[in-house]
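**Q** One file: work19.cif (mmCIF, C-alpha atoms).
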```cif
data_query
loop_
_atom_site.label_atom_id
_atom_site.label_comp_id
_atom_site.auth_asym_id
_atom_site.auth_seq_id
_atom_site.Cartn_x
_atom_site.Cartn_y
_atom_site.Cartn_z
CA MET A 146 48.05 92.55 143.28
CA ILE A 147 47.72 96.30 142.60
CA ASN A 148 44.91 97.93 144.47
CA TRP A 149 42.89 100.46 142.41
CA LYS A 150 42.07 102.43 145.62
CA PHE A 151 45.79 103.09 146.08
CA TRP A 152 46.07 104.68 142.62
CA ILE A 153 42.95 106.82 143.09
CA GLY A 154 44.22 108.00 146.49
CA GLN A 155 47.60 108.87 145.05
CA ALA A 156 46.02 110.76 142.12
CA LEU A 157 43.79 112.67 144.54
CA CYS A 158 46.78 113.70 146.72
CA TYR A 159 48.77 114.85 143.68
CA SER A 160 45.77 116.80 142.40
CA LEU A 161 45.29 118.57 145.73
CA PHE A 162 49.00 119.40 145.86
CA LEU A 163 48.96 120.79 142.30
CA ALA A 164 45.81 122.81 143.05
CA PHE A 165 47.50 124.26 146.16
CA ILE A 166 50.65 125.23 144.20
CA GLY A 167 48.59 126.57 141.29
CA TYR A 168 46.45 128.77 143.52
CA PHE A 169 49.34 130.32 145.45
CA SER A 170 51.41 130.90 142.31
CA ASN A 171 48.92 133.61 141.23
CA SER A 172 46.97 134.49 144.38
CA PRO A 173 46.77 136.52 146.48
CA THR A 174 47.91 139.32 144.23
CA TYR A 175 51.06 141.11 145.35
CA GLN A 176 51.27 144.87 145.06
CA ARG A 177 54.79 146.21 145.45
CA PHE A 178 53.72 149.76 146.26
CA PRO A 179 50.41 151.18 147.39
CA ASP A 180 48.60 153.23 144.72
CA ASN A 181 50.19 156.65 144.12
CA GLN A 182 53.40 155.78 145.99
CA ALA A 183 57.03 155.88 144.86
CA MET A 184 60.24 154.85 146.61
CA ILE A 185 63.39 156.89 147.23
CA LYS A 186 66.54 154.92 148.07
CA LEU A 187 69.66 156.63 149.37
CA SER A 188 72.45 154.13 148.83
CA LEU A 189 76.08 155.21 148.76
CA ARG A 190 79.61 154.41 149.92
CA HIS A 191 82.25 157.10 150.22
CA ALA A 192 85.52 157.56 152.10
CA GLY A 193 85.89 160.68 154.20
CA LYS A 194 89.08 162.70 154.08
CA ILE A 195 92.03 161.54 156.19
CA LEU A 196 92.24 163.14 159.62
CA GLY A 197 95.62 164.65 160.39
CA GLU A 198 98.72 165.26 158.33
CA CYS A 199 101.77 163.21 157.48
CA ARG A 200 104.90 163.99 159.46
CA GLU A 201 108.61 163.17 159.33
CA ARG A 202 110.08 161.11 162.17
CA SER A 203 113.15 162.45 163.89
CA GLU A 204 116.47 160.58 163.91
CA ALA A 205 115.93 159.71 167.60
CA GLU A 206 112.53 158.16 166.85
CA LEU A 207 113.96 156.15 163.96
CA ALA A 208 116.85 154.86 166.14
CA GLN A 209 114.36 153.44 168.68
CA LEU A 210 112.56 151.38 166.02
CA PRO A 211 113.69 147.97 164.72
CA PRO A 212 115.49 148.23 161.35
CA ASN A 213 112.58 146.76 159.40
CA MET A 214 110.16 149.45 160.72
CA ARG A 215 112.28 152.54 160.07
CA ILE A 216 110.06 154.54 157.78
CA SER A 217 110.86 158.25 157.88
CA LYS A 218 107.39 159.49 156.95
CA ILE A 219 104.37 158.47 159.03
CA CYS A 220 100.79 159.19 158.00
CA PRO A 221 97.54 158.74 159.93
CA ARG A 222 94.98 156.21 158.70
CA GLU A 223 91.79 157.40 160.38
CA ARG A 224 89.17 158.98 158.15
CA SER A 225 86.62 161.62 158.92
CA PRO A 226 82.97 160.66 159.32
CA LEU A 227 80.51 161.82 156.66
CA GLN A 228 77.66 164.21 157.40
CA LEU A 229 74.78 163.35 155.05
CA ASP A 230 71.43 165.14 154.79
CA LEU A 231 68.36 164.39 152.67
CA LEU A 232 65.63 167.01 152.39
CA ILE A 233 62.34 166.60 150.54
CA ASN A 234 60.24 169.72 149.99
CA ASP A 235 62.53 171.55 152.46
CA GLU A 236 61.73 169.05 155.21
CA MET A 237 64.68 167.21 156.81
CA ILE A 238 64.05 163.51 156.19
CA TYR A 239 67.46 162.00 156.90
CA SER A 240 70.44 163.53 158.70
CA LYS A 241 73.24 161.38 160.05
CA GLU A 242 76.92 161.35 160.77
CA LEU A 243 78.27 158.15 159.22
CA ALA A 244 81.36 156.75 160.88
CA PRO A 245 83.98 155.07 158.69
CA ARG A 246 84.19 151.31 158.90
CA GLY A 247 87.26 149.23 159.60
CA ILE A 248 89.32 148.44 162.68
CA HIS A 249 91.26 151.68 162.41
CA GLY A 250 88.36 153.77 161.07
CA ASP A 251 90.12 153.89 157.71
CA SER A 252 87.53 152.44 155.35
CA LEU A 253 84.42 153.66 153.56
CA SER A 254 81.32 155.03 155.22
CA SER A 255 78.13 153.55 153.83
CA VAL A 256 74.41 154.13 154.03
CA TYR A 257 71.25 152.47 152.75
CA PHE A 258 67.99 154.29 153.48
CA ARG A 259 64.55 153.68 151.92
CA LEU A 260 61.63 156.06 152.04
CA PRO A 261 58.19 155.57 150.49
CA VAL A 262 56.78 158.91 149.27
CA ASN A 263 53.66 160.05 147.48
CA SER A 264 54.09 160.26 143.73
CA GLY A 265 54.06 163.65 142.09
CA GLU A 266 56.40 166.62 142.10
CA ILE A 267 59.01 166.81 144.84
CA ASN A 268 61.91 169.15 145.55
CA LEU A 269 64.86 166.91 146.40
CA LYS A 270 68.00 168.16 148.12
CA VAL A 271 70.96 165.95 149.11
CA ARG A 272 74.13 167.31 150.68
CA MET A 273 77.28 165.80 152.16
CA LYS A 274 80.42 166.84 154.03
CA ASP A 275 83.39 164.48 154.04
CA HIS A 276 85.53 166.23 156.68
CA ILE A 277 84.53 167.28 160.18
CA ASP A 278 86.20 170.70 159.81
CA GLN A 279 84.17 171.74 156.75
CA LYS A 280 81.65 174.49 157.45
CA ASN A 281 79.71 174.20 154.17
CA TYR A 282 78.57 171.19 152.22
CA PRO A 283 80.94 170.75 149.24
CA TYR A 284 78.75 168.07 147.63
CA GLN A 285 75.16 169.08 146.92
CA LEU A 286 72.34 168.15 144.60
CA GLU A 287 69.10 170.07 144.38
CA LYS A 288 66.52 169.03 141.84
CA THR A 289 62.80 169.16 141.25
CA LEU A 290 61.54 165.76 140.13
CA GLN A 291 58.27 164.29 138.94
CA LEU A 292 57.85 160.83 140.49
CA SER A 293 55.37 158.47 138.91
CA PRO A 294 53.52 155.74 140.87
CA ALA A 295 55.69 152.66 141.60
CA GLN A 296 58.88 154.49 140.51
CA VAL A 297 62.09 153.74 142.40
CA LEU A 298 64.56 156.63 142.58
CA VAL A 299 68.08 155.69 143.70
CA ILE A 300 70.51 158.36 144.92
CA ASP A 301 74.19 157.40 144.68
CA PHE A 302 77.50 159.28 144.86
CA ASP A 303 80.25 159.17 142.24
CA ALA A 304 83.55 159.81 144.03
CA ASN A 305 85.47 160.25 140.76
CA GLU A 306 83.18 163.07 139.60
CA GLY A 307 82.51 164.35 143.13
CA SER A 308 78.77 164.53 142.55
CA PHE A 309 75.51 162.80 143.35
CA ILE A 310 73.83 160.76 140.64
CA LEU A 311 70.19 159.77 140.29
CA LEU A 312 69.36 156.34 138.93
#
```
Just give me the structure as structure tokens.

**A**
Amino acid sequence: MINWKFWIGQALCYSLFLAFIGYFSNSPTYQRFPDNQAMIKLSLRHAGKILGECRERSEAELAQLPPNMRISKICPRERSPLQLDLLINDEMIYSKELAPRGIHGDSLSSVYFRLPVNSGEINLKVRMKDHIDQKNYPYQLEKTLQLSPAQVLVIDFDANEGSFILL
């Protein structure tokens, strides 16, 4: 015999569960950014220049190697770390030396940095060196931008063009 109390209890439990899900699907309200705030993201991957120069092995060096390893020209694999700076309104916000990844230090250097800023006009300057012997920064971007509230500005680097891009 089916008990009517069982069905009422089950309907009540389902109703409470649906009310719980319904409430938390819309409340509390989520605000991604505080009022009058924008986000700047510095996200890039770039390979520094190779450290050292290729050289030719001498005949004596080649004779000491097994036949399958006798390559006359030998080149280093290690890459230079990147020096990356981010300035906003002439204030240094981010400045780091980014080591290359990989077992031999021969891969890309990468960075991901987020910074909430007040919306409005900012003077943005990004600069990068990709060799430790460089005195100046060969890659630079300086721009005055108008950031609106809740805007996300992404700074990336295009290695083919050799320039920073804003997304």

**Q** Distance table requested - region 203-249 of chain A against region 259-267 of chain A, cut-off 9 Å, all atoms listed in the file: one row per qualifying residue with the closest atom pair and its distance in Å to one decimal, ordered by chain and rising residue number, as CSV.

**A**
```
residue,atom,partner,partner_atom,distance
A:Ile233,CA,A:Ile267,CA,6.6
A:Asn234,CA,A:Ile267,CA,6.0
A:Ile238,CA,A:Leu260,CA,8.9
```

**Q** Can you write out the residues you just picked, keeping C-alpha atoms, as a CSV table (one decimal), in the coordinates of the input?

**A**
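Here's the written file result-v8.csv:
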```
chain,number,residue,atom,x,y,z
A,233,ILE,CA,62.3,166.6,150.5
A,234,ASN,CA,60.2,169.7,150.0
A,238,ILE,CA,64.0,163.5,156.2
```

**Q** Would you mind listing what lies within 8 Å of region 297-306 of chain A as a list of chain:residue names, with only C-alpha atoms counted and same-chain residues fewer than 2 positions away left out?

**A**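 In the requested format, the answer is A:Ala183, A:Met184, A:Ile185, A:Lys186, A:Leu187, A:Ser188, A:Leu189, A:Arg190, A:His191, A:Ala295, A:Ser308, A:Phe309, A:Ile310, A:Leu311, A:Leu312.
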
**Q** Keeping C-alpha atoms, export the residues of the selection given above as a compact mmCIF listing (two decimals), in the frame of the given file.

**A**
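Generated file (part.txt):
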```txt
# COMPACT_ATOMS: atom_id res chain seq x y z
CA ALA A 183 57.03 155.88 144.86
CA MET A 184 60.24 154.85 146.61
CA ILE A 185 63.39 156.89 147.23
CA LYS A 186 66.54 154.92 148.07
CA LEU A 187 69.66 156.63 149.37
CA SER A 188 72.45 154.13 148.83
CA LEU A 189 76.08 155.21 148.76
CA ARG A 190 79.61 154.41 149.92
CA HIS A 191 82.25 157.10 150.22
CA ALA A 295 55.69 152.66 141.60
CA SER A 308 78.77 164.53 142.55
CA PHE A 309 75.51 162.80 143.35
CA ILE A 310 73.83 160.76 140.64
CA LEU A 311 70.19 159.77 140.29
CA LEU A 312 69.36 156.34 138.93
```

**Q** One decimal, Å: what's the distance from CA of Cys199 (chain A) over to CA of Ile219 (chain A), could you say?

**A** 5.6 Å

**Q** Which residues match the PyMOL selection byres ((chain A and resi 218) around 9) in the file above, as a PyMOL selection string?

**A** chain A and resi 199-202+216-217+219-220

**Q** For a test of reading the model, state the distance in Å between CA of Val271 (chain A) and CA of Ser240 (chain A), rounded to one decimal.

**A**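 Between these atoms lies a distance of 9.9 Å.
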
**Q** I'd like the interatomic distance between CA of Ser254 (chain A) and CA of Leu196 (chain A), to a tenth of an Å.

**A**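 It comes out at 14.3 Å.
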
**Q** Please provide the set of residues having any atom within 7 Å of region 244-248 of chain A, restricted to only C-alpha atoms, with same-chain residues fewer than 3 positions apart removed, written as a ChimeraX atom specification.

**A** /A:224,226-227,251-254

**Q** A:Ala156, A:Met237, A:Met214, A:Leu161: which is nearest Asn268 (chain A), counting all atoms listed in the file?

**A**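 Ranking A:Ala156, A:Met237, A:Met214, A:Leu161 by distance to Asn268 (chain A), first place goes to A:Met237.
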
**Q** Nearest to His249 (chain A): which of A:His276, A:Pro212, A:Leu229, A:Ile195 is it, counting only C-alpha atoms?

**A**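 Once distances to His249 (chain A) are computed over only C-alpha atoms, the minimum belongs to A:Ile195.
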
**Q** Keeping just N, CA and C atoms, export region 213-261 of chain A of this structure as a PDB file, in the first residue's frame.

**A**
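Dumped to part-v5.pdb:
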```pdb
ATOM      1  N   ASN A 213      79.283   8.018 -34.724  1.00  0.00           N
ATOM      2  CA  ASN A 213      77.925   8.536 -34.897  1.00  0.00           C
ATOM      3  C   ASN A 213      77.731   9.918 -34.264  1.00  0.00           C
ATOM      4  N   MET A 214      78.730  10.448 -33.542  1.00  0.00           N
ATOM      5  CA  MET A 214      78.607  11.758 -32.902  1.00  0.00           C
ATOM      6  C   MET A 214      79.575  12.784 -33.483  1.00  0.00           C
ATOM      7  N   ARG A 215      80.164  12.483 -34.619  1.00  0.00           N
ATOM      8  CA  ARG A 215      81.170  13.369 -35.214  1.00  0.00           C
ATOM      9  C   ARG A 215      80.506  14.451 -36.063  1.00  0.00           C
ATOM     10  N   ILE A 216      80.081  15.477 -35.395  1.00  0.00           N
ATOM     11  CA  ILE A 216      79.508  16.647 -36.060  1.00  0.00           C
ATOM     12  C   ILE A 216      80.545  17.759 -35.959  1.00  0.00           C
ATOM     13  N   SER A 217      80.909  18.326 -37.100  1.00  0.00           N
ATOM     14  CA  SER A 217      82.008  19.297 -37.107  1.00  0.00           C
ATOM     15  C   SER A 217      81.628  20.623 -36.458  1.00  0.00           C
ATOM     16  N   LYS A 218      80.393  21.020 -36.563  1.00  0.00           N
ATOM     17  CA  LYS A 218      79.968  22.304 -36.016  1.00  0.00           C
ATOM     18  C   LYS A 218      79.147  22.062 -34.749  1.00  0.00           C
ATOM     19  N   ILE A 219      79.497  22.756 -33.666  1.00  0.00           N
ATOM     20  CA  ILE A 219      78.771  22.603 -32.413  1.00  0.00           C
ATOM     21  C   ILE A 219      78.244  23.976 -31.990  1.00  0.00           C
ATOM     22  N   CYS A 220      76.979  24.007 -31.618  1.00  0.00           N
ATOM     23  CA  CYS A 220      76.326  25.263 -31.241  1.00  0.00           C
ATOM     24  C   CYS A 220      75.737  25.140 -29.843  1.00  0.00           C
ATOM     25  N   PRO A 221      75.797  26.219 -29.065  1.00  0.00           N
ATOM     26  CA  PRO A 221      75.192  26.176 -27.729  1.00  0.00           C
ATOM     27  C   PRO A 221      73.667  26.184 -27.818  1.00  0.00           C
ATOM     28  N   ARG A 222      73.017  25.705 -26.768  1.00  0.00           N
ATOM     29  CA  ARG A 222      71.561  25.644 -26.747  1.00  0.00           C
ATOM     30  C   ARG A 222      70.960  26.675 -25.799  1.00  0.00           C
ATOM     31  N   GLU A 223      71.728  27.076 -24.804  1.00  0.00           N
ATOM     32  CA  GLU A 223      71.184  27.939 -23.745  1.00  0.00           C
ATOM     33  C   GLU A 223      70.761  29.296 -24.290  1.00  0.00           C
ATOM     34  N   ARG A 224      69.623  29.768 -23.816  1.00  0.00           N
ATOM     35  CA  ARG A 224      69.085  31.056 -24.241  1.00  0.00           C
ATOM     36  C   ARG A 224      69.211  32.080 -23.129  1.00  0.00           C
ATOM     37  N   SER A 225      69.238  33.319 -23.536  1.00  0.00           N
ATOM     38  CA  SER A 225      69.342  34.423 -22.597  1.00  0.00           C
ATOM     39  C   SER A 225      68.009  34.639 -21.878  1.00  0.00           C
ATOM     40  N   PRO A 226      68.053  35.060 -20.617  1.00  0.00           N
ATOM     41  CA  PRO A 226      66.801  35.427 -19.953  1.00  0.00           C
ATOM     42  C   PRO A 226      66.268  36.744 -20.521  1.00  0.00           C
ATOM     43  N   LEU A 227      64.966  36.949 -20.377  1.00  0.00           N
ATOM     44  CA  LEU A 227      64.335  38.194 -20.809  1.00  0.00           C
ATOM     45  C   LEU A 227      64.304  39.181 -19.647  1.00  0.00           C
ATOM     46  N   GLN A 228      64.482  40.449 -19.955  1.00  0.00           N
ATOM     47  CA  GLN A 228      64.257  41.511 -18.969  1.00  0.00           C
ATOM     48  C   GLN A 228      63.005  42.240 -19.426  1.00  0.00           C
ATOM     49  N   LEU A 229      61.947  42.202 -18.605  1.00  0.00           N
ATOM     50  CA  LEU A 229      60.649  42.753 -18.971  1.00  0.00           C
ATOM     51  C   LEU A 229      60.206  43.772 -17.932  1.00  0.00           C
ATOM     52  N   ASP A 230      59.810  44.949 -18.398  1.00  0.00           N
ATOM     53  CA  ASP A 230      59.354  46.030 -17.517  1.00  0.00           C
ATOM     54  C   ASP A 230      57.985  46.511 -17.971  1.00  0.00           C
ATOM     55  N   LEU A 231      57.124  46.814 -17.000  1.00  0.00           N
ATOM     56  CA  LEU A 231      55.823  47.412 -17.245  1.00  0.00           C
ATOM     57  C   LEU A 231      55.722  48.656 -16.377  1.00  0.00           C
ATOM     58  N   LEU A 232      55.496  49.800 -17.026  1.00  0.00           N
ATOM     59  CA  LEU A 232      55.346  51.066 -16.315  1.00  0.00           C
ATOM     60  C   LEU A 232      53.970  51.641 -16.627  1.00  0.00           C
ATOM     61  N   ILE A 233      53.287  52.118 -15.595  1.00  0.00           N
ATOM     62  CA  ILE A 233      52.008  52.792 -15.768  1.00  0.00           C
ATOM     63  C   ILE A 233      52.133  54.155 -15.137  1.00  0.00           C
ATOM     64  N   ASN A 234      51.877  55.179 -15.944  1.00  0.00           N
ATOM     65  CA  ASN A 234      52.025  56.582 -15.512  1.00  0.00           C
ATOM     66  C   ASN A 234      53.413  56.822 -14.925  1.00  0.00           C
ATOM     67  N   ASP A 235      54.437  56.310 -15.605  1.00  0.00           N
ATOM     68  CA  ASP A 235      55.849  56.431 -15.240  1.00  0.00           C
ATOM     69  C   ASP A 235      56.190  55.821 -13.885  1.00  0.00           C
ATOM     70  N   GLU A 236      55.371  54.920 -13.403  1.00  0.00           N
ATOM     71  CA  GLU A 236      55.639  54.205 -12.155  1.00  0.00           C
ATOM     72  C   GLU A 236      55.915  52.744 -12.507  1.00  0.00           C
ATOM     73  N   MET A 237      57.057  52.220 -12.030  1.00  0.00           N
ATOM     74  CA  MET A 237      57.432  50.835 -12.317  1.00  0.00           C
ATOM     75  C   MET A 237      56.476  49.904 -11.580  1.00  0.00           C
ATOM     76  N   ILE A 238      55.716  49.125 -12.343  1.00  0.00           N
ATOM     77  CA  ILE A 238      54.734  48.206 -11.780  1.00  0.00           C
ATOM     78  C   ILE A 238      55.278  46.783 -11.762  1.00  0.00           C
ATOM     79  N   TYR A 239      55.966  46.411 -12.825  1.00  0.00           N
ATOM     80  CA  TYR A 239      56.473  45.048 -12.960  1.00  0.00           C
ATOM     81  C   TYR A 239      57.845  45.113 -13.606  1.00  0.00           C
ATOM     82  N   SER A 240      58.832  44.488 -12.992  1.00  0.00           N
ATOM     83  CA  SER A 240      60.170  44.416 -13.563  1.00  0.00           C
ATOM     84  C   SER A 240      60.793  43.101 -13.131  1.00  0.00           C
ATOM     85  N   LYS A 241      61.011  42.218 -14.100  1.00  0.00           N
ATOM     86  CA  LYS A 241      61.569  40.904 -13.772  1.00  0.00           C
ATOM     87  C   LYS A 241      62.490  40.417 -14.860  1.00  0.00           C
ATOM     88  N   GLU A 242      63.418  39.583 -14.442  1.00  0.00           N
ATOM     89  CA  GLU A 242      64.255  38.840 -15.367  1.00  0.00           C
ATOM     90  C   GLU A 242      63.653  37.444 -15.448  1.00  0.00           C
ATOM     91  N   LEU A 243      63.223  37.053 -16.624  1.00  0.00           N
ATOM     92  CA  LEU A 243      62.512  35.790 -16.825  1.00  0.00           C
ATOM     93  C   LEU A 243      63.449  34.751 -17.413  1.00  0.00           C
ATOM     94  N   ALA A 244      63.750  33.743 -16.633  1.00  0.00           N
ATOM     95  CA  ALA A 244      64.661  32.691 -17.086  1.00  0.00           C
ATOM     96  C   ALA A 244      63.973  31.804 -18.116  1.00  0.00           C
ATOM     97  N   PRO A 245      64.727  31.299 -19.082  1.00  0.00           N
ATOM     98  CA  PRO A 245      64.128  30.381 -20.060  1.00  0.00           C
ATOM     99  C   PRO A 245      63.812  29.037 -19.405  1.00  0.00           C
ATOM    100  N   ARG A 246      62.793  28.400 -19.892  1.00  0.00           N
ATOM    101  CA  ARG A 246      62.401  27.094 -19.364  1.00  0.00           C
ATOM    102  C   ARG A 246      63.161  25.998 -20.081  1.00  0.00           C
ATOM    103  N   GLY A 247      62.986  24.786 -19.620  1.00  0.00           N
ATOM    104  CA  GLY A 247      63.628  23.642 -20.249  1.00  0.00           C
ATOM    105  C   GLY A 247      64.818  23.154 -19.447  1.00  0.00           C
ATOM    106  N   ILE A 248      65.169  21.911 -19.638  1.00  0.00           N
ATOM    107  CA  ILE A 248      66.279  21.305 -18.899  1.00  0.00           C
ATOM    108  C   ILE A 248      67.587  22.027 -19.194  1.00  0.00           C
ATOM    109  N   HIS A 249      67.789  22.398 -20.427  1.00  0.00           N
ATOM    110  CA  HIS A 249      69.031  23.054 -20.827  1.00  0.00           C
ATOM    111  C   HIS A 249      68.885  24.569 -20.912  1.00  0.00           C
ATOM    112  N   GLY A 250      67.769  25.111 -20.431  1.00  0.00           N
ATOM    113  CA  GLY A 250      67.543  26.554 -20.541  1.00  0.00           C
ATOM    114  C   GLY A 250      67.431  26.989 -21.985  1.00  0.00           C
ATOM    115  N   ASP A 251      66.785  26.155 -22.808  1.00  0.00           N
ATOM    116  CA  ASP A 251      66.747  26.420 -24.248  1.00  0.00           C
ATOM    117  C   ASP A 251      65.331  26.626 -24.776  1.00  0.00           C
ATOM    118  N   SER A 252      64.385  26.866 -23.884  1.00  0.00           N
ATOM    119  CA  SER A 252      63.006  27.022 -24.325  1.00  0.00           C
ATOM    120  C   SER A 252      62.546  28.472 -24.132  1.00  0.00           C
ATOM    121  N   LEU A 253      61.249  28.667 -24.223  1.00  0.00           N
ATOM    122  CA  LEU A 253      60.673  30.009 -24.120  1.00  0.00           C
ATOM    123  C   LEU A 253      60.635  30.498 -22.676  1.00  0.00           C
ATOM    124  N   SER A 254      60.722  31.789 -22.508  1.00  0.00           N
ATOM    125  CA  SER A 254      60.433  32.420 -21.223  1.00  0.00           C
ATOM    126  C   SER A 254      58.986  32.867 -21.280  1.00  0.00           C
ATOM    127  N   SER A 255      58.281  32.738 -20.168  1.00  0.00           N
ATOM    128  CA  SER A 255      56.870  33.113 -20.182  1.00  0.00           C
ATOM    129  C   SER A 255      56.506  33.874 -18.920  1.00  0.00           C
ATOM    130  N   VAL A 256      55.457  34.685 -19.057  1.00  0.00           N
ATOM    131  CA  VAL A 256      54.979  35.476 -17.923  1.00  0.00           C
ATOM    132  C   VAL A 256      53.469  35.630 -18.035  1.00  0.00           C
ATOM    133  N   TYR A 257      52.817  35.648 -16.882  1.00  0.00           N
ATOM    134  CA  TYR A 257      51.398  35.982 -16.782  1.00  0.00           C
ATOM    135  C   TYR A 257      51.255  36.839 -15.527  1.00  0.00           C
ATOM    136  N   PHE A 258      50.867  38.085 -15.709  1.00  0.00           N
ATOM    137  CA  PHE A 258      50.759  39.036 -14.605  1.00  0.00           C
ATOM    138  C   PHE A 258      49.460  39.811 -14.762  1.00  0.00           C
ATOM    139  N   ARG A 259      48.671  39.899 -13.686  1.00  0.00           N
ATOM    140  CA  ARG A 259      47.392  40.618 -13.695  1.00  0.00           C
ATOM    141  C   ARG A 259      47.485  41.784 -12.732  1.00  0.00           C
ATOM    142  N   LEU A 260      46.886  42.898 -13.150  1.00  0.00           N
ATOM    143  CA  LEU A 260      46.898  44.088 -12.305  1.00  0.00           C
ATOM    144  C   LEU A 260      45.580  44.831 -12.444  1.00  0.00           C
ATOM    145  N   PRO A 261      44.800  44.924 -11.361  1.00  0.00           N
ATOM    146  CA  PRO A 261      43.608  45.769 -11.411  1.00  0.00           C
ATOM    147  C   PRO A 261      44.027  47.238 -11.294  1.00  0.00           C
TER     148      PRO A 261
END
```
